[in-house]
Structures are given as structure tokens and as C-alpha cells.
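Okay, final27.cif now, which holds mmCIF, C-alpha atoms:
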data_query
loop_
_atom_site.label_atom_id
_atom_site.label_comp_id
_atom_site.auth_asym_id
_atom_site.auth_seq_id
_atom_site.Cartn_x
_atom_site.Cartn_y
_atom_site.Cartn_z
CA MET A 1 0.00 0.00 0.00
CA LEU A 2 2.91 2.34 0.70
CA ASN A 3 4.17 2.02 -2.86
CA ILE A 4 0.66 2.60 -4.26
CA GLY A 5 0.34 5.73 -2.12
CA LEU A 6 3.69 7.06 -3.32
CA ILE A 7 2.82 6.53 -6.98
CA ALA A 8 -0.61 8.09 -6.48
CA LYS A 9 0.89 11.09 -4.66
CA ARG A 10 3.43 11.62 -7.44
CA GLU A 11 0.77 11.45 -10.15
CA TYR A 12 -1.50 13.81 -8.21
CA LEU A 13 1.07 16.47 -7.37
CA GLU A 14 2.61 16.36 -10.82
CA ARG A 15 -0.72 17.25 -12.43
CA ILE A 16 -2.26 19.76 -10.06
CA ARG A 17 0.90 21.88 -10.12
CA THR A 18 0.73 22.39 -13.88
CA ARG A 19 -0.48 25.62 -15.38
CA ALA A 20 -2.87 23.70 -17.67
CA PHE A 21 -4.67 22.21 -14.64
CA LEU A 22 -5.10 25.62 -13.00
CA ILE A 23 -6.34 27.23 -16.21
CA ALA A 24 -8.79 24.40 -16.97
CA THR A 25 -10.12 24.39 -13.40
CA VAL A 26 -11.07 28.05 -13.69
CA LEU A 27 -11.70 28.45 -17.41
CA ILE A 28 -13.99 25.45 -18.11
CA PRO A 29 -16.71 26.37 -15.57
CA VAL A 30 -16.55 29.98 -16.74
CA LEU A 31 -16.97 28.94 -20.39
CA LEU A 32 -19.71 26.38 -19.67
CA GLY A 33 -21.54 28.80 -17.41
CA GLY A 34 -21.25 31.64 -19.89
CA LEU A 35 -22.36 29.45 -22.78
CA GLY A 36 -25.28 27.89 -20.94
CA PHE A 37 -26.55 30.97 -19.17
CA GLY A 38 -25.93 33.20 -22.18
CA SER A 39 -27.80 30.93 -24.58
CA GLY A 40 -30.64 30.54 -22.08
CA TYR A 41 -30.84 34.28 -21.55
CA LEU A 42 -30.83 34.99 -25.28
CA ALA A 43 -33.45 32.34 -25.90
CA GLN A 44 -35.71 33.95 -23.32
CA ARG A 45 -35.05 37.59 -24.24
CA THR A 46 -34.37 37.68 -27.96
CA LYS A 47 -37.31 38.72 -30.16
CA SER A 48 -37.54 38.93 -33.91
CA GLU A 49 -37.09 42.56 -35.02
CA ALA A 50 -37.07 42.12 -38.79
CA HIS A 51 -38.53 44.67 -41.19
CA ILE A 52 -41.08 42.99 -43.45
CA ALA A 53 -44.14 43.83 -45.56
CA ILE A 54 -47.54 42.14 -45.73
CA VAL A 55 -49.15 42.05 -49.16
CA SER A 56 -52.88 41.40 -48.79
CA SER A 57 -56.21 42.45 -50.26
CA ASP A 58 -57.89 41.87 -46.85
CA PRO A 59 -57.06 45.02 -44.84
CA VAL A 60 -58.71 43.76 -41.63
CA PHE A 61 -56.74 40.52 -41.48
CA ALA A 62 -53.53 42.29 -42.52
CA ALA A 63 -53.99 44.93 -39.79
CA ASP A 64 -54.59 42.24 -37.14
CA LEU A 65 -51.49 40.38 -38.25
CA GLN A 66 -49.48 43.60 -38.25
CA HIS A 67 -50.54 44.32 -34.67
CA GLU A 68 -49.63 40.78 -33.59
CA LEU A 69 -46.17 40.97 -35.16
CA GLU A 70 -45.38 44.44 -33.83
CA ASN A 71 -46.72 43.90 -30.30
CA GLY A 72 -46.63 40.14 -29.82
CA LYS A 73 -44.84 38.21 -27.10
CA ASP A 74 -42.22 36.75 -29.44
CA SER A 75 -41.63 39.56 -31.93
CA ARG A 76 -41.11 43.29 -32.27
CA MET A 77 -41.14 43.52 -36.05
CA LYS A 78 -41.54 46.57 -38.22
CA VAL A 79 -44.40 45.71 -40.59
CA ASP A 80 -45.58 47.61 -43.69
CA LEU A 81 -48.97 46.94 -45.27
CA GLU A 82 -49.15 46.74 -49.06
CA LEU A 83 -51.99 46.18 -51.51
CA PRO A 84 -51.40 43.57 -54.27
CA THR A 85 -51.01 45.88 -57.27
CA PRO A 86 -48.95 44.97 -60.40
CA ALA A 87 -46.11 47.22 -59.24
CA THR A 88 -46.01 46.02 -55.62
CA LEU A 89 -44.03 42.79 -55.94
CA PRO A 90 -41.32 44.16 -58.32
CA ARG A 91 -40.80 47.09 -55.96
CA LEU A 92 -40.56 44.87 -52.88
CA ASN A 93 -38.15 42.52 -54.66
CA ALA A 94 -35.91 45.46 -55.58
CA THR A 95 -36.00 46.73 -51.99
CA MET A 96 -35.16 43.24 -50.70
CA ARG A 97 -32.11 43.02 -52.97
CA ASP A 98 -30.84 46.38 -51.73
CA SER A 99 -28.83 45.47 -48.62
CA SER A 100 -28.79 49.08 -47.40
CA GLN A 101 -32.56 48.96 -46.83
CA HIS A 102 -32.34 46.15 -44.20
CA PHE A 103 -35.55 44.72 -45.58
CA ALA A 104 -36.01 41.06 -44.58
CA GLY A 105 -38.81 40.08 -46.96
CA TYR A 106 -42.54 40.15 -47.58
CA LEU A 107 -45.50 37.91 -46.82
CA GLN A 108 -48.11 37.34 -49.50
CA ILE A 109 -51.62 36.51 -48.33
CA ILE A 110 -53.47 34.89 -51.23
CA PRO A 111 -57.29 34.85 -50.83
CA PRO A 112 -58.95 31.40 -50.84
CA ALA A 113 -60.75 30.16 -53.92
CA ASN A 114 -63.83 29.19 -51.88
CA PRO A 115 -65.54 31.44 -49.33
CA GLY A 116 -64.82 30.42 -45.74
CA ALA A 117 -61.63 28.55 -46.62
CA ARG A 118 -58.22 29.45 -45.21
CA PRO A 119 -56.04 31.80 -47.28
CA THR A 120 -52.64 30.73 -48.60
CA PHE A 121 -49.43 32.27 -47.24
CA ALA A 122 -46.10 32.68 -49.06
CA TYR A 123 -43.04 34.35 -47.53
CA ASN A 124 -40.26 35.67 -49.76
CA SER A 125 -37.10 36.20 -47.74
CA HIS A 126 -33.84 38.02 -48.33
CA SER A 127 -31.99 35.22 -46.50
CA ALA A 128 -32.72 31.51 -46.73
CA SER A 129 -31.53 31.09 -43.13
CA ASP A 130 -34.02 33.55 -41.63
CA ILE A 131 -35.68 30.84 -39.54
CA GLY A 132 -36.58 33.15 -36.65
CA THR A 133 -38.76 35.41 -38.79
CA VAL A 134 -40.57 32.44 -40.34
CA ASP A 135 -41.30 30.99 -36.88
CA ALA A 136 -42.60 34.34 -35.66
CA LEU A 137 -44.84 34.62 -38.74
CA GLN A 138 -46.25 31.13 -38.20
CA ARG A 139 -47.09 31.81 -34.57
CA ALA A 140 -48.64 35.20 -35.35
CA ILE A 141 -50.74 33.86 -38.25
CA HIS A 142 -51.98 30.99 -36.11
CA SER A 143 -52.99 33.38 -33.34
CA VAL A 144 -54.83 35.74 -35.70
CA LEU A 145 -56.64 32.93 -37.51
CA THR A 146 -57.71 31.36 -34.22
CA ARG A 147 -58.93 34.69 -32.86
CA GLU A 148 -60.92 35.49 -35.99
CA THR A 149 -62.47 32.00 -36.08
CA LEU A 150 -63.63 32.32 -32.49
CA MET A 151 -65.09 35.76 -33.11
CA HIS A 152 -66.88 34.56 -36.25
CA HIS A 153 -68.57 31.94 -34.09
CA GLY A 154 -70.02 34.65 -31.86
CA ILE A 155 -67.49 34.62 -29.04
CA ALA A 156 -66.86 38.07 -27.60
CA ALA A 157 -63.45 39.70 -27.84
CA ASP A 158 -62.84 39.51 -24.06
CA ASP A 159 -63.74 35.83 -24.01
CA THR A 160 -61.47 35.22 -27.00
CA ALA A 161 -58.56 36.89 -25.22
CA ALA A 162 -59.21 34.77 -22.12
CA ILE A 163 -59.30 31.55 -24.17
CA MET A 164 -56.03 32.36 -25.95
CA ALA A 165 -54.19 33.55 -22.84
CA PRO A 166 -51.01 31.50 -22.17
CA ILE A 167 -51.24 28.81 -19.51
CA ASP A 168 -48.59 28.28 -16.84
CA ILE A 169 -48.06 24.67 -15.75
CA ALA A 170 -46.62 24.02 -12.30
CA THR A 171 -44.53 20.85 -11.94
CA PRO A 172 -45.14 18.52 -8.98
CA GLN A 173 -41.79 19.57 -7.53
CA ASN A 174 -42.78 23.24 -7.90
CA ALA A 175 -39.66 23.85 -9.96
CA ASP A 176 -38.91 25.23 -13.37
CA THR A 177 -38.58 22.35 -15.84
CA THR A 178 -36.32 24.30 -18.21
CA THR A 179 -33.87 25.00 -15.41
CA ALA A 180 -34.01 21.37 -14.22
CA PHE A 181 -33.26 20.04 -17.69
CA PHE A 182 -30.46 22.56 -18.11
CA GLY A 183 -28.85 21.29 -14.90
CA ALA A 184 -29.19 17.63 -15.96
CA TYR A 185 -27.76 18.30 -19.41
CA LEU A 186 -24.88 20.32 -17.94
CA LEU A 187 -23.97 17.42 -15.65
CA PHE A 188 -24.12 15.00 -18.61
CA ILE A 189 -21.70 17.08 -20.67
CA LEU A 190 -19.40 17.56 -17.68
CA MET A 191 -19.35 13.81 -16.99
CA TYR A 192 -18.59 13.10 -20.65
CA MET A 193 -15.68 15.52 -20.63
CA VAL A 194 -14.02 14.44 -17.39
CA ILE A 195 -14.25 10.70 -18.07
CA MET A 196 -12.76 11.15 -21.53
CA LEU A 197 -10.11 13.62 -20.34
CA TYR A 198 -8.84 11.72 -17.32
CA GLY A 199 -9.18 8.31 -18.92
CA MET A 200 -6.89 9.42 -21.73
CA ASN A 201 -4.55 11.08 -19.20
CA THR A 202 -3.93 7.65 -17.68
CA ALA A 203 -2.91 6.22 -21.06
CA ARG A 204 -0.71 9.22 -21.91
CA SER A 205 1.06 8.98 -18.56
CA ILE A 206 2.00 5.37 -19.27
CA ILE A 207 3.25 6.20 -22.78
CA GLU A 208 5.40 9.07 -21.44
CA GLU A 209 7.07 6.84 -18.87
CA LYS A 210 7.55 4.05 -21.40
CA SER A 211 9.28 6.51 -23.73
CA SER A 212 11.62 7.73 -20.98
CA ARG A 213 12.28 4.19 -19.69
CA VAL A 214 11.33 5.28 -16.17
CA PHE A 215 9.48 1.97 -15.76
CA GLU A 216 12.69 -0.02 -15.84
CA VAL A 217 13.89 1.83 -12.74
CA LEU A 218 10.56 1.76 -10.90
CA LEU A 219 10.02 -1.97 -11.45
CA SER A 220 13.11 -2.70 -9.37
CA THR A 221 11.26 -1.63 -6.23
CA ILE A 222 7.50 -1.96 -6.97
CA THR A 223 5.27 -4.40 -8.83
CA PRO A 224 3.37 -3.55 -12.05
CA ASP A 225 0.05 -4.00 -10.24
CA GLU A 226 1.06 -1.45 -7.60
CA MET A 227 2.14 0.97 -10.31
CA LEU A 228 -1.15 0.57 -12.18
CA ALA A 229 -3.20 1.07 -9.01
CA GLY A 230 -1.18 4.14 -8.04
CA LYS A 231 -1.62 5.73 -11.45
CA ILE A 232 -5.38 5.17 -11.50
CA ILE A 233 -5.83 6.48 -7.95
CA GLY A 234 -3.59 9.51 -8.55
CA VAL A 235 -5.19 10.57 -11.81
CA GLY A 236 -8.65 9.92 -10.38
CA ALA A 237 -7.88 12.12 -7.37
CA VAL A 238 -6.93 14.93 -9.75
CA GLY A 239 -10.31 14.53 -11.46
CA LEU A 240 -12.17 14.57 -8.14
CA THR A 241 -10.27 17.70 -7.11
CA GLN A 242 -11.20 19.50 -10.28
CA ILE A 243 -14.82 18.36 -10.12
CA GLY A 244 -15.00 19.48 -6.49
CA VAL A 245 -13.87 22.97 -7.44
CA TRP A 246 -16.38 23.09 -10.30
CA MET A 247 -19.24 21.91 -8.10
CA ILE A 248 -18.47 24.41 -5.35
CA ALA A 249 -18.37 27.19 -7.94
CA ALA A 250 -21.67 26.06 -9.47
CA ILE A 251 -23.46 25.78 -6.13
CA SER A 252 -22.11 29.00 -4.60
CA ILE A 253 -22.34 31.26 -7.65
CA GLY A 254 -24.34 29.95 -10.58
CA VAL A 255 -27.17 27.99 -9.00
CA TYR A 256 -29.71 30.68 -8.26
CA TYR A 257 -28.49 33.08 -10.94
CA ALA A 258 -29.28 30.58 -13.67
CA GLY A 259 -32.69 29.98 -12.17
CA SER A 260 -33.48 33.68 -12.15
CA ILE A 261 -32.62 34.25 -15.80
CA ALA A 262 -34.56 31.15 -16.80
CA GLY A 263 -37.68 32.54 -15.20
CA SER A 264 -37.89 30.21 -12.21
CA SER A 265 -38.41 31.17 -8.61
CA GLY A 266 -34.81 30.80 -7.50
CA HIS A 267 -34.61 27.00 -7.71
CA ALA A 268 -31.17 25.45 -7.88
CA VAL A 269 -29.86 24.20 -11.19
CA VAL A 270 -27.92 21.43 -9.42
CA SER A 271 -29.26 19.83 -6.24
CA PRO A 272 -27.15 18.16 -3.51
CA THR A 273 -28.56 14.77 -4.59
CA GLN A 274 -27.37 15.36 -8.14
CA VAL A 275 -23.91 16.33 -6.87
CA PHE A 276 -23.68 13.16 -4.76
CA PHE A 277 -24.62 10.83 -7.59
CA PHE A 278 -22.43 12.74 -10.03
CA VAL A 279 -19.36 12.15 -7.86
CA ALA A 280 -20.30 8.50 -7.27
CA TYR A 281 -20.83 7.78 -10.97
CA PHE A 282 -17.66 9.67 -11.86
CA ILE A 283 -15.63 7.40 -9.57
CA PHE A 284 -17.09 4.25 -11.11
CA GLY A 285 -16.92 5.63 -14.65
CA PHE A 286 -13.34 6.75 -14.22
CA LEU A 287 -12.26 3.37 -12.83
CA LEU A 288 -13.98 1.67 -15.76
CA TYR A 289 -12.56 3.80 -18.56
CA SER A 290 -9.13 4.44 -17.00
CA SER A 291 -8.57 0.69 -16.70
CA ILE A 292 -9.25 0.36 -20.43
CA ALA A 293 -7.00 3.37 -21.11
CA ALA A 294 -4.18 1.87 -19.02
CA ALA A 295 -4.31 -1.31 -21.06
CA LEU A 296 -4.29 0.68 -24.30
CA GLY A 297 -1.32 2.74 -23.09
CA ALA A 298 0.60 -0.42 -22.19
CA MET A 299 -0.02 -1.85 -25.67
CA THR A 300 1.16 1.26 -27.56
CA ASN A 301 4.44 3.13 -27.81
CA SER A 302 3.38 6.59 -28.99
CA GLU A 303 0.52 9.07 -29.08
CA GLN A 304 -0.10 8.21 -32.72
CA GLU A 305 -0.67 4.54 -31.91
CA LEU A 306 -2.90 5.50 -28.99
CA GLN A 307 -5.08 7.65 -31.26
CA GLN A 308 -5.72 4.60 -33.45
CA LEU A 309 -7.07 2.65 -30.46
CA ASN A 310 -8.97 5.37 -28.62
CA MET A 311 -12.18 4.30 -30.36
CA PHE A 312 -12.53 1.77 -27.52
CA LEU A 313 -13.06 4.79 -25.26
CA VAL A 314 -14.88 7.05 -27.70
CA LEU A 315 -17.49 4.64 -29.08
CA PRO A 316 -19.29 3.86 -25.77
CA LEU A 317 -19.34 7.55 -24.88
CA ALA A 318 -20.61 8.48 -28.36
CA PHE A 319 -23.35 5.84 -28.00
CA CYS A 320 -24.39 7.50 -24.73
CA MET A 321 -24.64 10.84 -26.53
CA LEU A 322 -26.92 9.31 -29.17
CA MET A 323 -29.16 7.62 -26.59
CA LEU A 324 -29.54 10.87 -24.67
CA PHE A 325 -32.32 12.02 -27.01
CA THR A 326 -34.25 8.77 -26.44
CA ILE A 327 -34.01 9.17 -22.67
CA VAL A 328 -35.12 12.81 -22.83
CA LYS A 329 -38.29 11.82 -24.69
CA SER A 330 -39.08 8.73 -22.62
CA PRO A 331 -36.82 8.33 -19.55
CA ASP A 332 -38.86 5.45 -18.11
CA SER A 333 -39.19 3.34 -21.28
CA THR A 334 -37.81 -0.19 -21.54
CA LEU A 335 -35.06 0.91 -23.93
CA SER A 336 -34.00 3.75 -21.61
CA ARG A 337 -33.81 1.38 -18.66
CA ILE A 338 -31.78 -1.21 -20.56
CA VAL A 339 -29.17 1.17 -21.97
CA SER A 340 -28.76 2.99 -18.65
CA LEU A 341 -27.95 -0.35 -16.98
CA ILE A 342 -25.15 -1.16 -19.45
CA PRO A 343 -21.99 -0.67 -17.32
CA PHE A 344 -20.22 1.41 -19.97
CA CYS A 345 -23.26 3.72 -20.23
CA SER A 346 -24.42 3.91 -16.60
CA PRO A 347 -22.02 6.72 -15.54
CA LEU A 348 -23.61 8.98 -18.15
CA LEU A 349 -27.13 7.72 -18.81
CA MET A 350 -28.21 6.50 -15.37
CA ASN A 351 -26.81 9.65 -13.84
CA PHE A 352 -28.79 11.68 -16.38
CA ARG A 353 -31.97 9.77 -15.52
CA ILE A 354 -31.36 10.50 -11.83
CA SER A 355 -30.94 14.19 -12.65
CA ILE A 356 -34.39 14.28 -14.27
CA GLY A 357 -35.89 12.13 -11.50
CA ALA A 358 -36.89 8.97 -13.38
CA PRO A 359 -35.21 5.75 -12.14
CA GLN A 360 -36.27 3.57 -9.23
CA VAL A 361 -33.97 2.67 -6.34
CA TRP A 362 -33.40 -0.91 -7.53
CA GLU A 363 -32.26 0.36 -10.93
CA ILE A 364 -29.65 2.62 -9.35
CA ALA A 365 -28.42 -0.17 -7.07
CA LEU A 366 -28.26 -2.63 -9.97
CA SER A 367 -26.28 -0.15 -12.09
CA PHE A 368 -23.64 0.19 -9.36
CA LEU A 369 -23.48 -3.60 -8.94
CA LEU A 370 -23.02 -4.19 -12.67
CA MET A 371 -20.41 -1.44 -12.92
CA GLY A 372 -18.51 -2.87 -9.95
CA LEU A 373 -18.41 -6.36 -11.44
CA THR A 374 -17.34 -4.96 -14.83
CA ILE A 375 -14.59 -2.88 -13.22
CA LEU A 376 -13.19 -5.95 -11.44
CA ALA A 377 -13.19 -7.90 -14.71
CA ILE A 378 -11.54 -5.09 -16.69
CA LEU A 379 -8.95 -4.48 -13.96
CA TRP A 380 -8.06 -8.19 -14.02
CA VAL A 381 -7.54 -8.04 -17.79
CA ALA A 382 -5.83 -4.63 -17.74
CA SER A 383 -3.37 -5.63 -14.99
CA ARG A 384 -2.18 -8.63 -17.00
CA ILE A 385 -1.80 -6.60 -20.18
CA TYR A 386 -0.11 -3.84 -18.21
CA ARG A 387 2.50 -6.00 -16.46
CA VAL A 388 3.75 -7.32 -19.82
CA GLY A 389 3.00 -4.39 -22.12
CA ILE A 390 4.94 -1.76 -20.16
CA LEU A 391 8.20 -3.53 -21.00
CA MET A 392 7.34 -4.17 -24.66
CA TYR A 393 8.87 -1.76 -27.19
CA GLY A 394 8.87 -1.58 -30.95
CA LYS A 395 6.15 -3.47 -32.83
CA LYS A 396 2.57 -3.01 -31.71
CA PRO A 397 1.23 -6.36 -30.40
CA ASN A 398 -1.50 -8.18 -32.27
CA LEU A 399 -4.53 -9.89 -30.77
CA PRO A 400 -2.96 -13.39 -30.37
CA GLU A 401 -0.03 -11.87 -28.47
CA ILE A 402 -2.37 -9.95 -26.16
CA LEU A 403 -4.32 -13.14 -25.44
CA ARG A 404 -1.06 -14.86 -24.52
CA TRP A 405 -0.27 -12.03 -22.10
CA LEU A 406 -3.50 -12.79 -20.26
CA LYS A 407 -2.23 -16.30 -19.48
CA TYR A 408 0.96 -15.07 -17.81
CA SER A 409 0.80 -15.24 -14.01
#
Rewrite the coordinates I just gave you, this time as C-alpha cells.
Amino acid sequence: MLNIGLIAKREYLERIRTRAFLIATVLIPVLLGGLGFGSGYLAQRTKSEAHIAIVSSDPVFAADLQHELENGKDSRMKVDLELPTPATLPRLNATMRDSSQHFAGYLQIIPPANPGARPTFAYNSHSASDIGTVDALQRAIHSVLTRETLMHHGIAADDTAAIMAPIDIATPQNADTTTAFFGAYLLFILMYMVIMLYGMNTARSIIEEKSSRVFEVLLSTITPDEMLAGKIIGVGAVGLTQIGVWMIAAISIGVYYAGSIAGSSGHAVVSPTQVFFFVAYFIFGFLLYSSIAAALGAMTNSEQELQQLNMFLVLPLAFCMLMLFTIVKSPDSTLSRIVSLIPFCSPLLMNFRISIGAPQVWEIALSFLLMGLTILAILWVASRIYRVGILMYGKKPNLPEILRWLKYS
């Protein structure tokens, strides 16, 4: 144990004293917080302010639509009303081509062929990527058509406004669902990054020491298994240190601020329960992936060779990213339960399900049990590859050679 502690201490101190560690510890939470909070703030506050024209022979409908676009909840457009004369469209097309006019486009309202039918709408835009204006037009047209239909059926204007008023839905936890999802997604991305980063750090550390032949000196006093355990514990402690700093920063600074800009009532983005399970799943996930990374590092002699084999780390994590959308839509489905119980996916997917409050207690317990058994199996394989591979130089071993290494005692 003394030798394991010494190796772990060396790995830990060597990494936390680097300038890259200090910069990443401060810079990553700042960037993630700025990106997440900034995008959320812009999504809540940004309104379409395009300058458009409405070409219609129905002045009443056009005026209602103009009022909706200029004073609606989602837009503050500047809207001109035009009658469909022969000269109107050529003039609007010329204005749209003139970039100095800042004219986004025009909406044509074509009367229906049969009385009582819905008119046809065609929007001609200066930019094909002007998705925001099109969305604002669709929402405004839907609101105006609904309002006019209700009024044509004899419903008073006040009653129409009451029917179309937005509805606020309170969640059972009395929390803002947008903020809760933001916190769960942020933890997912953070888990993805730290497992990938520190798993690969374990492999790179082995390659560096193989290149410098430090192993040949160390193996005179310690065993390969002790060296492997010390490296995994040391690098893992660095990850826990960095995560601890990030969590403290999130809880003490960003928790309630993010809730306030998202429109909630000061609810935390990350709860203490989420922090606990995040740390627990990080420990298991790191042990799982760092064991694989240690074996890969022992089998390779350079960074280039390691890059060719890192798909064994990337593919399970990429699969988790793909399955995230399935879990968001149906977190309690059979497929979501199965994939979140796969040991290579549990650190990301089961932790995400916990963050959105879906899994049962037996599912969480089973995920830890399966991860623990998988870690023991991978450590057994990795230790045997490691004890032989760290002294192998030159040609990269093939699969039959690696299988022979597993038989060595």
C-alpha cells in the first residue's frame, strides 16, 4: 500500500501543479456557465425585429397580423402593409435586394378560392436562413386565424382573449422544468468531458514513462500492479479535485443566478442529490474507462498509436450521446432502462436519468453492482496486459499476443 500511495501522490502532485490544470479548473466552468446561461438568456429575451411587408387584399386581417407581429410576445417587427397591385411585388423585390434597406422580406396573403376557406401564405425572404422570422410569422398567423375564427362563431373579444391567454403549468416539484433540464444536461456534458479527459490522461502517462524508460527503474522496487493502481488512484484524485472545485463554484455562484434568468423562482440548477450521484458515478466511470485506457497505453508506444485505439473509449461515450435524445423523450421506457444499466453507459445515462428524477432505487443499485463487477473484470484483464506491455517496445502487439499475455501469471 505504501508504494501505491507514493505513486498516487506523485501522479496527483505532478498534475495539479501544472499551469494547464489551474487554467482548466477556472476556465472550463466559466466557459460552460457563460455558454449555458448566455444561450438561455438569449433564448428567453431575444425577439424577432425584422422589417417585413404584408401584401394582402384583406385590410382587416392584414392589420390584425401587423398588430400581432409588432406587439406580440415573441416579436417586435416593423411591418408595412401593401396592396397587391402589379407594381407592388417588383418594388418589394428590388427593396429586398438592396442590402442598405435592411428589408427582410414580404409575406403574400393569397385569398382562398372558396368562401370560408383558409387563405394561402407565401413568404419571400432576403436570406434563406431567416428561420426566426418564419417561426414568428407562423405563430402570429396561427394566433390571428384562431382569434378570428372564435369571433366569427359569436365569441366576444374579451372571451377570445381569455381563451387564448397563455397557460402556466406548475410541476409537482414546484420547480422550473427548463432549469431542471439545463442542470441535468450540464452534468451530462461535464461527466462526458471528465471521463474522456482523465481516462486518456492515464494512457498518456504510461506512454510518457515508457518513452523515458522510467518503468525499468521503478520496477526494481515496486510491482506492475502497484504501479497501475497508483496511477489510476492519482489521476482519479486529480479529477475529483477539479470536479469538487467546479461543483463548489456552481453551487455557490451559478445555482440561483441561472434559475433567475430562466424565469424560475430561484430554484437550484444542481441539487445536492445530483452532486452526490455525479461524484459516485464519476468514480465508477473513471475506474472503468481508465482501466481500459491503461491497457491501451501499455499496448502502444506513442501518441499516434494510442489515437488509433482510442475508439474503444470514444465509441461507448458516443453511443451514450446518441441515446440521450431517447431518454429525454421517454426516460422510463424499456429501452431507456436497458441502456442505462449497461456498465459502460451507466455513468452517463443512469446519472442523467437520476438528474431528471426517473429511475427507481433498484435500478440505481443494480447499475452500481453491474459497474462494480465490470470494473473488477476489466482491472483483471488490464493488470495482465499492463505488467507485460509496459516492457514491450517496438512493434505493436496483435490480438494473439495480447491473449497470450492474459495467461501469464
Q) Applied to the shown file, which residues does the PyMOL selection byres ((chain A and resi 4) around 12) return, written as a PyMOL selection string? A) chain A and resi 1-3+5-11+218+221-234
For C-alpha atoms, I'd like the residues from the last selection saved as a tab-separated table (two decimals), keeping the file's coordinate frame.
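Okay, this is what ended up in selection.tsv:
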chain	number	residue	atom	x	y	z
A	1	MET	CA	0.00	0.00	0.00
A	2	LEU	CA	2.91	2.34	0.70
A	3	ASN	CA	4.17	2.02	-2.86
A	5	GLY	CA	0.34	5.73	-2.12
A	6	LEU	CA	3.69	7.06	-3.32
A	7	ILE	CA	2.82	6.53	-6.98
A	8	ALA	CA	-0.61	8.09	-6.48
A	9	LYS	CA	0.89	11.09	-4.66
A	10	ARG	CA	3.43	11.62	-7.44
A	11	GLU	CA	0.77	11.45	-10.15
A	218	LEU	CA	10.56	1.76	-10.90
A	221	THR	CA	11.26	-1.63	-6.23
A	222	ILE	CA	7.50	-1.96	-6.97
A	223	THR	CA	5.27	-4.40	-8.83
A	224	PRO	CA	3.37	-3.55	-12.05
A	225	ASP	CA	0.05	-4.00	-10.24
A	226	GLU	CA	1.06	-1.45	-7.60
A	227	MET	CA	2.14	0.97	-10.31
A	228	LEU	CA	-1.15	0.57	-12.18
A	229	ALA	CA	-3.20	1.07	-9.01
A	230	GLY	CA	-1.18	4.14	-8.04
A	231	LYS	CA	-1.62	5.73	-11.45
A	232	ILE	CA	-5.38	5.17	-11.50
A	233	ILE	CA	-5.83	6.48	-7.95
A	234	GLY	CA	-3.59	9.51	-8.55
Q. Which residues match the PyMOL selection byres ((chain A and resi 53-65) around 10) in the file above, as a ChimeraX atom specification?
A. /A:50-52,66-72,77-85,88-89,92,103-111,121-124,137,140-145,147-148
Q. Which residue out of A:Thr334, A:Gln308, A:Thr374, A:Thr160 has the minimum interatomic distance to A:Pro359 when all atoms listed in the file are used?
A.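 Distance minimum relative to A:Pro359 lands on A:Thr334.
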Neighbour list for stretch 317-322 of chain A as an mmCIF file with C-alpha atoms, in the frame of the given file, cut-off 8 Å, only C-alpha atoms, skip fewer than 4 positions in-chain:
data_model
loop_
_atom_site.group_PDB
_atom_site.id
_atom_site.type_symbol
_atom_site.label_atom_id
_atom_site.label_comp_id
_atom_site.auth_asym_id
_atom_site.auth_seq_id
_atom_site.Cartn_x
_atom_site.Cartn_y
_atom_site.Cartn_z
ATOM 1 C CA TYR A 192 -18.590 13.100 -20.650
ATOM 2 C CA LEU A 313 -13.060 4.790 -25.260
ATOM 3 C CA THR A 326 -34.250 8.770 -26.440
ATOM 4 C CA PHE A 344 -20.220 1.410 -19.970
ATOM 5 C CA CYS A 345 -23.260 3.720 -20.230
ATOM 6 C CA LEU A 348 -23.610 8.980 -18.150
ATOM 7 C CA LEU A 349 -27.130 7.720 -18.810
#
Q | For atom CA of A:Glu209 and atom CA of A:Arg17, the interatomic separation in Å (one decimal) | A |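 These atoms are spaced 18.5 Å apart.
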Q. For A:Leu369, which residue out of A:Val279, A:Ile163, A:Leu240, A:Ile342 is the nearest one, using all atoms listed in the file?
A. A:Ile342
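Each of A:Met193, A:Thr300, A:Thr273, A:Asn351 was compared to A:Ile207 using all atoms listed in the file, and A:Thr300 turns out to be the nearest.
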Q: Any chance you could resolve the PyMOL selection byres ((chain A and resi 307) around 12) against this file and give the residues as JSON, numbers by chain?
A: {"A": [200, 203, 204, 207, 293, 296, 297, 300, 301, 302, 303, 304, 305, 306, 308, 309, 310, 311, 312, 313, 314]}
Q.
Just checking: using all atoms listed in the file, which residue out of A:Ala298, A:Ser125, A:Leu22, A:Ser271 ends up closest to A:Ile248?
A. A:Ser271
**Q.** Point-to-point distance from atom CA of A:Phe352 to atom CA of A:Ala184, Å rounded to tenths
**A.**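 Rounded to one decimal, the two atoms are 6.0 Å apart.
Atom pair atom CA of A:Arg384 / atom CA of A:Pro400: separated by 14.2 Å.
The nearest approach to A:Ile364 among the residues A:Phe282, A:Phe277, A:Tyr12, A:Tyr289, with all atoms listed in the file taken into account, belongs to A:Phe277.
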Q. Which residue, A:Leu403, A:Ala237, A:Met350, A:Ala87, has the smallest gap to A:Phe286 when you use all atoms listed in the file?
A.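 Using all atoms listed in the file, the shortest distance to A:Phe286 belongs to A:Ala237.
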Might you pull out every residue within 8 Å of A:Ile375, with only C-alpha atoms counted and same-chain residues fewer than 5 positions away left off, and present them as a PDB file with C-alpha atoms, keeping the file's coordinate frame?
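Wrote around08.pdb, looks like this:
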ATOM      1  CA  PHE A 284     -17.090   4.250 -11.110  1.00  0.00           C
ATOM      2  CA  LEU A 287     -12.260   3.370 -12.830  1.00  0.00           C
ATOM      3  CA  LEU A 288     -13.980   1.670 -15.760  1.00  0.00           C
ATOM      4  CA  SER A 291      -8.570   0.690 -16.700  1.00  0.00           C
TER       5      SER A 291
END
Would you compute the box with edges along x, y and z of the file around stretch 88-95 of chain A, including every atom the file lists for it and 3 Å extra on each side, and give its centre and edge lengths in Å to one decimal, as AutoDock Vina command-line options?
--center_x -41.0 --center_y 44.8 --center_z -55.2 --size_x 16.1 --size_y 10.6 --size_z 12.3
Save stretch 270-288 of chain A to disk from that block, C-alpha atoms included, as a compact mmCIF listing (two decimals), in the first residue's frame.
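Output saved as selection.txt:
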# COMPACT_ATOMS: atom_id res chain seq x y z
CA VAL A 270 -27.92 21.43 -9.42
CA SER A 271 -29.26 19.83 -6.24
CA PRO A 272 -27.15 18.16 -3.51
CA THR A 273 -28.56 14.77 -4.59
CA GLN A 274 -27.37 15.36 -8.14
CA VAL A 275 -23.91 16.33 -6.87
CA PHE A 276 -23.68 13.16 -4.76
CA PHE A 277 -24.62 10.83 -7.59
CA PHE A 278 -22.43 12.74 -10.03
CA VAL A 279 -19.36 12.15 -7.86
CA ALA A 280 -20.30 8.50 -7.27
CA TYR A 281 -20.83 7.78 -10.97
CA PHE A 282 -17.66 9.67 -11.86
CA ILE A 283 -15.63 7.40 -9.57
CA PHE A 284 -17.09 4.25 -11.11
CA GLY A 285 -16.92 5.63 -14.65
CA PHE A 286 -13.34 6.75 -14.22
CA LEU A 287 -12.26 3.37 -12.83
CA LEU A 288 -13.98 1.67 -15.76
